[in-house]
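Trainee: This is the structure I have questions about; it appears just below.
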Amino acid sequence: MTLGQLQDRSVSARPLHDTVIDVMDAAGPQVWYDMTVEVALSVMAAARAGHLVVCDEDARCVGLVTHARLTAVRDSSGFTDRIRLGDITDGSEPFVSPLVTREEAEEAVPFGRLGLVPVVDDHGSALGILDLSR
């Protein structure tokens with residue numbers, strides 16, 4: 001029996017342009033857009049997650065909320081217990097395709113925006129999350 005030769009997995013062995021699907025993280029918990037902010041904070045705490053993917057009634061991704069954003073909404077002077085996730089995610093956030101490169105995804109996102117961006121398929125279903133702050 002002989003040992004197999006170790007493969008060099010250095011940067012030079014990787015493709016020059018990875019697609020988003022190669023570098024994205026799991027989507028994490030997905031919740032409905034009619035959920036209240038307070039319930040979303042409870043779900044986030046129970047799931048030990050830093051973000052939630054917000055979906056409409058057809059399970060299409062309409063946005064993403066972070067713990068920081070939810071607590072800012074909850075702590076604002078205009079907060080009521082009737083504010084729902086759909087009220088704070090309007091579907092205008094940037095979304096990226098899993099087939100583009102990370103560089104193309106960064107160019108598609110508004111200038112200077114860092115953080116989490118949902119990765120969606122052709123039907124709008126969330127496949128993962130791209131962290132542009134890394």
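How things are named: the first chain in the structure tokens is A, the next is B, and so on; residues count from 1 in each chain; ligands count from 1 in the order shown.
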As a list of chain:residue names, please: every residue in region 67-127 of chain A that DSSP puts in helix (DSSP H, G or I).

Mentor: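 Reading the DSSP output for region 67-127 of chain A, helix (DSSP H, G or I) covers A:His67, A:Ala68, A:Arg69, A:Leu70, A:Thr71, A:Ala72, A:Val73, A:Arg74, A:Asp75, A:Leu85, A:Gly86, A:Asp87, A:Ile88, A:Arg102, A:Glu103, A:Glu104, A:Ala105, A:Glu106, A:Glu107, A:Ala108.
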
Trainee: Emit the selected residues as an mmCIF file, in the first residue's frame, including C-alpha atoms.

Mentor:
data_model
loop_
_atom_site.group_PDB
_atom_site.id
_atom_site.type_symbol
_atom_site.label_atom_id
_atom_site.label_comp_id
_atom_site.auth_asym_id
_atom_site.auth_seq_id
_atom_site.Cartn_x
_atom_site.Cartn_y
_atom_site.Cartn_z
ATOM 1 C CA HIS A 67 -30.547 41.638 14.067
ATOM 2 C CA ALA A 68 -29.169 45.174 14.041
ATOM 3 C CA ARG A 69 -31.859 46.356 11.630
ATOM 4 C CA LEU A 70 -34.679 44.713 13.596
ATOM 5 C CA THR A 71 -33.522 46.152 16.910
ATOM 6 C CA ALA A 72 -33.166 49.606 15.323
ATOM 7 C CA VAL A 73 -36.767 49.391 14.077
ATOM 8 C CA ARG A 74 -38.003 48.114 17.446
ATOM 9 C CA ASP A 75 -36.159 50.860 19.338
ATOM 10 C CA LEU A 85 -41.149 42.533 7.978
ATOM 11 C CA GLY A 86 -42.850 43.445 4.701
ATOM 12 C CA ASP A 87 -43.024 47.023 5.971
ATOM 13 C CA ILE A 88 -39.241 47.231 6.283
ATOM 14 C CA ARG A 102 -18.073 37.483 -6.941
ATOM 15 C CA GLU A 103 -16.564 40.435 -8.798
ATOM 16 C CA GLU A 104 -19.701 40.768 -10.961
ATOM 17 C CA ALA A 105 -21.885 40.555 -7.838
ATOM 18 C CA GLU A 106 -19.893 43.330 -6.162
ATOM 19 C CA GLU A 107 -20.304 45.516 -9.261
ATOM 20 C CA ALA A 108 -24.090 44.910 -9.304
#

Trainee: Can you pull out every residue within 12 Å of region 114-131 of chain A, counting only C-alpha atoms, but drop anything in the same chain fewer than 2 positions away, and send it as a ChimeraX atom specification?

Mentor: /A:19-31,50-66,68,91-103,105-112,133-134

Trainee: To one decimal place in Å, what is the distance between CA of Thr89 (chain A) and CA of Tyr33 (chain A)?

Mentor: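 Taking CA of Thr89 (chain A) and CA of Tyr33 (chain A), their separation equals 8.0 Å.
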